[in-house]
Amino acid sequence: ETGVTQTPRHLVMGMTNKKSLKCEQHLGHNAMYWYKQSAKKPLELMFVYSLEERVENNSVPSRFSPECPNSSHLFLHLHTLQPEDSALYLCASSQAGTGLEKLFFGSGTQLSVL
Amino acid sequence: KQEVTQIPAALSVPEGENLVLNCSFTDSAIYNLQWFRQDPGKGLTSLLLIQSSQREQTSGRLNASLDKSSGRSTLYIAASQPGDSATYLCAVRPDTDKLIFGTGTRLQVFP
């Protein structure tokens, strides 16, 4: 149990579908992150929320839409995805503000776009 | 632009060996460096975090060192075990809201 829970664990969707990924952290942290992990590439930071405000949007296509309703929950809304968006999507949380904090990750959602 | 490189990309060793995994980064202006472990299809587990003012951190059979001026970190695993088989990732924090990851070293320890 890492304290960061992601659902679903696996998702298969067509290019015209709309789906959402969910992340919940039970660690009392104030920052949450979405990362994308593709085969043989480094983890790519997608979005950062600190104190429920988006502080980073790393040139991510608009077909990915994040939502952070409170400091414990983070969503990634998906629509009209492309096959190259197939990847492991990882959520993380930390106690932001000092620059010294550790990141704690969820187990990820393995997404396949057909 | 900060880039993180890990060598080797893959490593296969017999049980009991002492291992060194390497991580290098191009910009020495970092807040900290973190080593993670990732099992196949799973999330990342934080192993060690070294702050920029520190030289090393130890946890059990793991020891991580940091030489910020040369842009290098090593993860030393003593007396490796099959349960250590995983991908090991290093990441540097260039500012408060980002971690820049390397591509990882895939380790297999066989009995």
# chains A, B, ... in the order shown; residues from 1 in each chain; ligands from 1
$ closest_atom_pairs --of "chain A" --to "chain B" --cutoff "12 Å" --atoms "only C-alpha atoms" --output "tab-separated table"
residue	atom	partner	partner_atom	distance
A:Glu1	CA	B:Thr45	CA	10.6
A:Thr2	CA	B:Thr45	CA	8.1
A:Gly3	CA	B:Thr45	CA	11.2
A:Val4	CA	B:Gly43	CA	9.8
A:Thr5	CA	B:Gly43	CA	10.2
A:Gln6	CA	B:Gly43	CA	9.8
A:Arg9	CA	B:Lys42	CA	9.4
A:His10	CA	B:Gly41	CA	10.1
A:Asn30	CA	B:Asp97	CA	11.8
A:Ala31	CA	B:Asp97	CA	8.8
A:Met32	CA	B:Asp97	CA	9.9
A:Tyr33	CA	B:Asp97	CA	9.2
A:Trp34	CA	B:Lys98	CA	11.1
A:Tyr35	CA	B:Leu99	CA	10.1
A:Lys36	CA	B:Gly43	CA	11.2
A:Gln37	CA	B:Thr103	CA	9.8
A:Ser38	CA	B:Thr103	CA	10.2
A:Ala39	CA	B:Thr103	CA	9.5
A:Lys40	CA	B:Thr103	CA	6.7
A:Lys41	CA	B:Thr103	CA	5.8
A:Pro42	CA	B:Thr103	CA	4.4
A:Leu43	CA	B:Phe101	CA	5.9
A:Glu44	CA	B:Phe101	CA	7.8
A:Leu45	CA	B:Lys98	CA	7.5
A:Met46	CA	B:Lys98	CA	10.1
A:Phe47	CA	B:Lys98	CA	9.7
A:Val48	CA	B:Asp97	CA	7.2
A:Tyr49	CA	B:Asp97	CA	9.0
A:Ser50	CA	B:Asp97	CA	8.4
A:Leu51	CA	B:Asp97	CA	12.0
A:Arg54	CA	B:Asp97	CA	10.7
A:Val55	CA	B:Asp97	CA	7.9
A:Glu56	CA	B:Asp97	CA	7.8
A:Asn57	CA	B:Lys98	CA	11.1
A:Asn58	CA	B:Lys98	CA	10.4
A:Ala87	CA	B:Gly41	CA	10.3
A:Leu88	CA	B:Gly41	CA	7.7
A:Tyr89	CA	B:Gly43	CA	9.1
A:Leu90	CA	B:Gly43	CA	6.7
A:Cys91	CA	B:Gly43	CA	8.6
A:Ala92	CA	B:Leu44	CA	9.1
A:Ser93	CA	B:Asp97	CA	11.0
A:Ser94	CA	B:Asp97	CA	9.7
A:Gln95	CA	B:Asp97	CA	10.5
A:Ala96	CA	B:Thr96	CA	7.3
A:Gly97	CA	B:Thr96	CA	6.9
A:Thr98	CA	B:Thr96	CA	6.9
A:Gly99	CA	B:Thr96	CA	4.3
A:Leu100	CA	B:Asn32	CA	6.5
A:Glu101	CA	B:Leu49	CA	8.6
A:Lys102	CA	B:Leu49	CA	7.0
A:Leu103	CA	B:Ser46	CA	7.2
A:Phe104	CA	B:Ser46	CA	6.8
A:Phe105	CA	B:Leu44	CA	5.5
A:Gly106	CA	B:Gly43	CA	5.4
A:Ser107	CA	B:Gly43	CA	3.8
A:Gly108	CA	B:Gly43	CA	5.5
A:Thr109	CA	B:Lys42	CA	8.8
A:Gln110	CA	B:Gly41	CA	7.6
A:Leu111	CA	B:Gly41	CA	11.1
$ residues_around --residues "stretch 75-82 of chain B" --least-positions-apart "5" --cutoff "6 Å" --atoms "only C-alpha atoms" --output "number ranges by chain"
B: 15-21, 61-64, 109-110
$ select_by_dssp --residues "stretch 31-103 of chain B" --states "strand (DSSP E or B)" --output "MDAnalysis selection string"
chainID B and resid 32:38 44:51 56:59 62:67 72:77 86:93 100:101
$ residues_around --residues "A:Pro83" --least-positions-apart "6" --cutoff "8 Å" --atoms "only C-alpha atoms" --output "PyMOL selection string"
chain A and resi 15+112-114
$ atom_distance --atom1 "atom CA of A:Ser65" --atom2 "atom CA of A:His77"
4.9 Å
$ residues_around --residues "A:Ser62" --least-positions-apart "4" --cutoff "10 Å" --atoms "only C-alpha atoms" --output "MDAnalysis selection string"
chainID A and resid 66 78:81
$ write_last_selection --atoms "N, CA and C atoms" --output "mmCIF file, in the first residue's frame"
data_model
loop_
_atom_site.group_PDB
_atom_site.id
_atom_site.type_symbol
_atom_site.label_atom_id
_atom_site.label_comp_id
_atom_site.auth_asym_id
_atom_site.auth_seq_id
_atom_site.Cartn_x
_atom_site.Cartn_y
_atom_site.Cartn_z
ATOM 1 N N PRO A 66 -6.731 17.616 -17.193
ATOM 2 C CA PRO A 66 -6.664 17.264 -15.777
ATOM 3 C C PRO A 66 -7.712 18.017 -14.960
ATOM 4 N N LEU A 78 -9.858 11.904 -20.591
ATOM 5 C CA LEU A 78 -9.306 11.525 -21.887
ATOM 6 C C LEU A 78 -10.394 11.565 -22.957
ATOM 7 N N HIS A 79 -10.088 12.151 -24.097
ATOM 8 C CA HIS A 79 -11.060 12.111 -25.198
ATOM 9 C C HIS A 79 -10.343 12.192 -26.533
ATOM 10 N N THR A 80 -10.875 11.466 -27.488
ATOM 11 C CA THR A 80 -10.323 11.363 -28.849
ATOM 12 C C THR A 80 -8.829 11.134 -28.832
ATOM 13 N N LEU A 81 -8.402 10.102 -28.093
ATOM 14 C CA LEU A 81 -6.980 9.786 -28.009
ATOM 15 C C LEU A 81 -6.489 9.111 -29.283
#
$ atom_distance --atom1 "atom CA of A:Pro8" --atom2 "atom CA of B:Val92"
28.8 Å
